[in-house]
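**Student:** Sharing a structure below in structure tokens format, with a few things to ask.
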Amino acid sequence: MNLYKTFIKPVLFLFTPETAHKIVFTLLKIPGANFFLKIFYKTENNILEFRKNNFFVSNKIGLAAGLDKDGEVVNQLGNIGFGFVEIGTVTPLAQPGNPKPRLFRLKKDNALINRMGFNNKGAEKMKETLKKIKNKNTTIGINLGKNKITPIDNAYLDYKKSFEILFDYADYFAINVSSPNTPNLRELQDKKHLSKILEEIQKINLSKKTPKPVFLKIAPDLTFQQIDEIIKIVKDTKINGLIATNTTIERTNLKIDSEQITKYGNGGLSGNPLKNKSTEIIKYIKSKISDDIILIGVGGISSLEDVEEKIQAGADLVQLYTSFIYEGPGVVKKLKKQMITKNL
Ligand SMILES: Cc1cc2nc3c(=O)[nH]c(=O)nc-3n(C[C@H](O)[C@H](O)[C@H](O)COP(=O)(O)O)c2cc1C
């Protein structure tokens, strides 16, 4: 019997998605939570480890950005079994994000729509939180974004600022230019802005004694021509890899009726309806890059078959978010067990 699906999810789903999120975070912060999680979700991690240069994860299943915006429950998520936990998106200044409601469950589709808008407590606060972590048990990725009030031409300064503040606390950084909920953010995927951001970040990074792995997170709504340009910049700036993909602004392949979808309004769609689209993007990217660029596949992963599809398409590692909400923490343990059996 699945404890989460039978008892916990029906209760959590009585609340709005954001209230449910708050309840879960409160529970995760209770002293002793780590002890319980460690016992309950323990698996043989090391069979699934992945290493390339200075990038290391203890297993190939990661938590995608956006669940732990401020890095408050990193060890708990590590104990649930994630080989890497991407926290953020964090911006230099704290900001409240968009007005509520801004997160919706599409149950029939195993999907979510969100327009959170980078609600977070800011880079300095994240630094204080990460400083307090004792016995860190997973790889920490810090996902960086720009503040809403920062003009697009100054966006690179925001990325630089958070990168410098948080440098010592990340095992890798993800440059997020692909969330649909900050006005104009996706324009940063254009050649001019993207080159500037990645060049500036790498200038600081490569001046350090031990540079950190840097990834770029892209949207699924790009043309192949745009992706070609992005890959060229990735190669020119010698960053370590790509994370494909963020949520989509498309509303195709949905079971939910169109009236309801219109009611929910703008936002990024995640989960099952995003799956094939992100896989296609991964396949295309892989056909254009060599093995020294790490590719993290994300979008609609909830089963072993989904993981296999992403790996066959060219992903070295995978991340998930939406299936964690629908399936619960057990999904990580289940996938890892199955991956070990399949030798993935
Ligand atoms: C509620 C919610 C908030 C998210 N916030 C962020 C974010 O802050 N930064 C980011 O890069 N991606 C964010 N994402 C996107 C996820 O990291 C991931 O790329 C996307 O949901 C696709 O994976 P999935 O289908 O497994 O959910 C968010 C997704 C959801 C559902």
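To be explicit about the labels: the chains of the structure tokens are called A, B, and onward in the order shown, and within each one the residues are counted from 1, while ligands get numbers from 1 in the order they are shown.
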Using only C-alpha atoms and all ligand atoms, what are the residues with an atom within 8 Å of ligand 1, set out as a VMD selection string?

**Tutor:** chain A and resid 63 to 67 69 88 to 90 103 111 to 119 143 to 145 174 176 to 179 217 244 to 247 268 to 272 274 to 275 298 to 302 319 to 324

**Student:** Among stretch 105-221 of chain A, which ones does DSSP assign to strand (DSSP E or B) (computed from the backbone)? Answer as a PyMOL selection string.

**Tutor:** chain A and resi 105-106+111-114+120+139-144+172-176+214-218

**Student:** From the list A:Ser290, A:Phe173, A:Leu304, A:Arg102, which residue is nearest A:Val331 when using only C-alpha atoms?

**Tutor:** A:Leu304

**Student:** For stretch 200-212 of chain A, please output as a list in words all residues within 8 Å (counting only C-alpha atoms; exclusion window: fewer than 2 positions along the same chain).

**Tutor:**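 Counting only C-alpha atoms, the residues come to Asn54, Tyr156, Tyr159, Lys160, Phe163, Glu164, Phe167, Ala170, Asp171, Tyr172, Phe173, Lys196, Ile197, Leu198, Val214, Thr237 and Ile239 of chain A.
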
**Student:** Could the residues in this selection be written to a file with N, CA and C atoms, as a PDB file, in the first residue's frame?

**Tutor:**
```pdb
ATOM      1  N   ASN A  54      34.246  18.336 -12.250  1.00  0.00           N
ATOM      2  CA  ASN A  54      33.985  18.736 -10.865  1.00  0.00           C
ATOM      3  C   ASN A  54      32.511  18.627 -10.476  1.00  0.00           C
ATOM      4  N   TYR A 156      21.994  40.852 -16.189  1.00  0.00           N
ATOM      5  CA  TYR A 156      23.264  40.138 -15.905  1.00  0.00           C
ATOM      6  C   TYR A 156      23.821  40.521 -14.536  1.00  0.00           C
ATOM      7  N   TYR A 159      22.266  38.253 -11.882  1.00  0.00           N
ATOM      8  CA  TYR A 159      22.849  36.899 -11.857  1.00  0.00           C
ATOM      9  C   TYR A 159      24.229  36.930 -11.196  1.00  0.00           C
ATOM     10  N   LYS A 160      25.014  37.965 -11.566  1.00  0.00           N
ATOM     11  CA  LYS A 160      26.362  38.107 -11.003  1.00  0.00           C
ATOM     12  C   LYS A 160      26.307  38.252  -9.481  1.00  0.00           C
ATOM     13  N   PHE A 163      25.315  35.083  -7.727  1.00  0.00           N
ATOM     14  CA  PHE A 163      26.408  34.113  -7.921  1.00  0.00           C
ATOM     15  C   PHE A 163      27.521  34.379  -6.915  1.00  0.00           C
ATOM     16  N   GLU A 164      27.855  35.655  -6.743  1.00  0.00           N
ATOM     17  CA  GLU A 164      28.945  35.996  -5.812  1.00  0.00           C
ATOM     18  C   GLU A 164      28.541  35.731  -4.362  1.00  0.00           C
ATOM     19  N   PHE A 167      28.334  31.790  -3.921  1.00  0.00           N
ATOM     20  CA  PHE A 167      29.356  30.939  -4.552  1.00  0.00           C
ATOM     21  C   PHE A 167      29.801  29.764  -3.663  1.00  0.00           C
ATOM     22  N   ALA A 170      27.145  26.540  -3.137  1.00  0.00           N
ATOM     23  CA  ALA A 170      26.541  25.724  -4.199  1.00  0.00           C
ATOM     24  C   ALA A 170      27.519  24.654  -4.663  1.00  0.00           C
ATOM     25  N   ASP A 171      26.974  23.487  -5.018  1.00  0.00           N
ATOM     26  CA  ASP A 171      27.795  22.487  -5.713  1.00  0.00           C
ATOM     27  C   ASP A 171      27.719  22.732  -7.214  1.00  0.00           C
ATOM     28  N   TYR A 172      26.622  23.357  -7.643  1.00  0.00           N
ATOM     29  CA  TYR A 172      26.539  23.831  -9.022  1.00  0.00           C
ATOM     30  C   TYR A 172      25.538  24.981  -9.079  1.00  0.00           C
ATOM     31  N   PHE A 173      25.593  25.749 -10.154  1.00  0.00           N
ATOM     32  CA  PHE A 173      24.618  26.821 -10.363  1.00  0.00           C
ATOM     33  C   PHE A 173      23.803  26.544 -11.621  1.00  0.00           C
ATOM     34  N   LYS A 196      26.067  37.798 -22.702  1.00  0.00           N
ATOM     35  CA  LYS A 196      26.523  38.710 -21.648  1.00  0.00           C
ATOM     36  C   LYS A 196      26.443  38.040 -20.265  1.00  0.00           C
ATOM     37  N   ILE A 197      25.298  37.429 -19.974  1.00  0.00           N
ATOM     38  CA  ILE A 197      25.121  36.803 -18.648  1.00  0.00           C
ATOM     39  C   ILE A 197      26.155  35.696 -18.436  1.00  0.00           C
ATOM     40  N   LEU A 198      26.272  34.811 -19.408  1.00  0.00           N
ATOM     41  CA  LEU A 198      27.171  33.656 -19.209  1.00  0.00           C
ATOM     42  C   LEU A 198      28.639  34.076 -19.212  1.00  0.00           C
ATOM     43  N   VAL A 214      28.483  25.186 -13.969  1.00  0.00           N
ATOM     44  CA  VAL A 214      27.391  26.117 -14.307  1.00  0.00           C
ATOM     45  C   VAL A 214      26.530  25.497 -15.404  1.00  0.00           C
ATOM     46  N   THR A 237      31.172  29.817 -24.157  1.00  0.00           N
ATOM     47  CA  THR A 237      31.444  30.249 -22.785  1.00  0.00           C
ATOM     48  C   THR A 237      31.936  29.085 -21.910  1.00  0.00           C
ATOM     49  N   ILE A 239      30.441  26.675 -20.402  1.00  0.00           N
ATOM     50  CA  ILE A 239      29.728  26.263 -19.188  1.00  0.00           C
ATOM     51  C   ILE A 239      29.546  24.743 -19.256  1.00  0.00           C
TER      52      ILE A 239
END
```

**Student:** Nearest to A:Gln76 among A:Thr16, A:Ile256, A:Lys232, A:Pro329, with distances taken over only C-alpha atoms: which residue is it?

**Tutor:**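 For A:Gln76, the nearest of the candidates is A:Pro329.
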
**Student:** Write out as a PyMOL selection string which residues come within 9 Å of A:Leu77 when counting only C-alpha atoms, dropping same-chain ones fewer than 6 positions away.

**Tutor:** chain A and resi 28+34+37+63+84-85+138+329

**Student:** Compile the contact shell of A:Gln338 as number ranges by chain: residues with an atom at most 12 Å away, counting only C-alpha atoms, same-chain residues fewer than 5 positions apart removed.

**Tutor:** A: 43-44, 47-48, 61, 303-308, 331-333, 343-344

**Student:** Just give me the gap between atom CA of A:Ile87 and atom CA of A:Glu72 in Å, one decimal is fine.

**Tutor:**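 So the answer is 8.8 Å.
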